[in-house]
Structures are given as C-alpha cells and as structure tokens.
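Chemist: Following this message is one structure expressed as structure tokens.
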Amino acid sequence: MECIDPKFRITQDLIDKIDIEADIFGRFPDVDKLIEIRVVSVDEAYRGQGIAKALLDETKRIACENGFQMIKTDATSHFTALAVSKLGYKCIYTLNYADYKDEDGKVIFTPEAPHTCVKTLVYQLN
C-alpha cells in the first residue's frame with residue numbers, strides 16, 4: 001500500500017532505503033526470522049532509570065520464546081544507538097544524514113548534533 005501523506009512518505013522513503021542497503025538477510029544468510037524494534041524512546045523525565053533496557057530485555061525474551069534469530073533496530077538518535085550498543089547490539093550499517101538528499105541535491109534531514117546519522121543495529125539470538 002502506497003503512503004499518500006507527503007510528510008510520512010519522506011520518512012518511509014528513508015526507512016525503505018535503510019532496509020535495502022542494510023541487507024539484513026544478505027549479510028546474515030542463516031537468519032530467516034527476525035523481530036524489528038521500530039521506535040525506542042523514553043520520556044526525558046524518566047531517562048536513566050533503566051526503562052529502555054527493560055523494554056529491550058523484554059523484547060529479547062519474547063523473541064527467544066518465539067524462535068526469532070535476530071533483533072533489528074534502526075537508531076535515528078545518537079543516544080539510542082549508544083544505548084543499544086551497550087546492550088550488545090552491533091552496528092551493521094550507517095547512513096549519514098548529510099548524504100541523504102532529494103533529487104535536487106538538498107539534504108532532507110538536518111537534526112541537531114550529535115544526531116548525524118541513522119544506524120542499523122542487530123542482536124543475534126542463540
């Protein structure tokens with residue numbers, strides 16, 4: 001189904017590009033089933049209390065119970081990438097926002113530093 005909302009279409013195009021270029025199943029041919037975390041976010045007032053870790057740990061438990069071989073997330077925030085890396089996720093793909101441009105060569109996303117890129121990170125399950 002095609003996305004008709006122009007603002008969301010821009011974001012969906014980025015997600016599609018990341019999925020194609022990260023090429024999870026090409027990089028990990030033994031993986032045929034993964035669970036994907038789309039958004040990890042904790043309200044500023046509650047950060048640093050282990051909430052994101054608890055959510056990621058619960059995702060890992062559910063993934064294991066259901067036979068998933070891998071967990072994947074795309075971190076659009078520098079801080080999310082750091083948080084999941086500390087939990088053992090490995091970065092397999094990076095796209096710098098400065099390199100993601102429209103047909104006219106204009107950079108599409110310009111978040112404030114330190115958010116300079118989007119990263120695909122994976123956690124392989126036993």
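Letters A, B, ... mark the chains of the structure tokens in the order given; residue numbers begin at 1 per chain; ligand numbers begin at 1, in order shown.
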If you count only C-alpha atoms, which residues fall within 8 Å of Glu36 (chain A), apart from same-chain ones fewer than 4 positions away, as a PyMOL selection string?
Modeler: chain A and resi 71-73
Chemist: Pick out the residues sitting within 8 Å of region 14-29 of chain A, and hand them over as a PyMOL selection string; count only C-alpha atoms, and ignore anything fewer than 2 positions along from it in its own chain.
Modeler: chain A and resi 10-12+31-32+92-93+95+120
Chemist: Can you tell me how far CA of Ile51 (chain A) sits from CA of Lys90 (chain A), in Å to one decimal?
Modeler: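 Straight-line distance from CA of Ile51 (chain A) to CA of Lys90 (chain A) works out to 20.4 Å.
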Chemist: Please measure the separation of CA of Leu121 (chain A) and CA of Asp74 (chain A), giving the value in Å to one decimal.
Modeler: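 Rounded to one decimal, the two atoms are 6.3 Å apart.
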Chemist: Please, what distance in Å, to one decimal, runs between CA of Ser77 (chain A) and CA of Val118 (chain A)?
Modeler: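 Separating CA of Ser77 (chain A) from CA of Val118 (chain A) is a distance of 6.9 Å.
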Chemist: Name the residues of chain A that fall into helix (DSSP H, G or I) according to DSSP on the backbone, using the chain letters and numbers of this document, as a ChimeraX atom specification.
Modeler: /A:6-22,24-27,44-46,51-65,78-86,97-99
Chemist: Excluding Ala83 (chain A) and any residue of its chain fewer than 2 positions from it, enumerate the residues within 12 Å of it, using only C-alpha atoms, and give them as a PyMOL selection string.
Modeler: chain A and resi 40-42+47-48+50-56+73+75+77-81+85-91+121
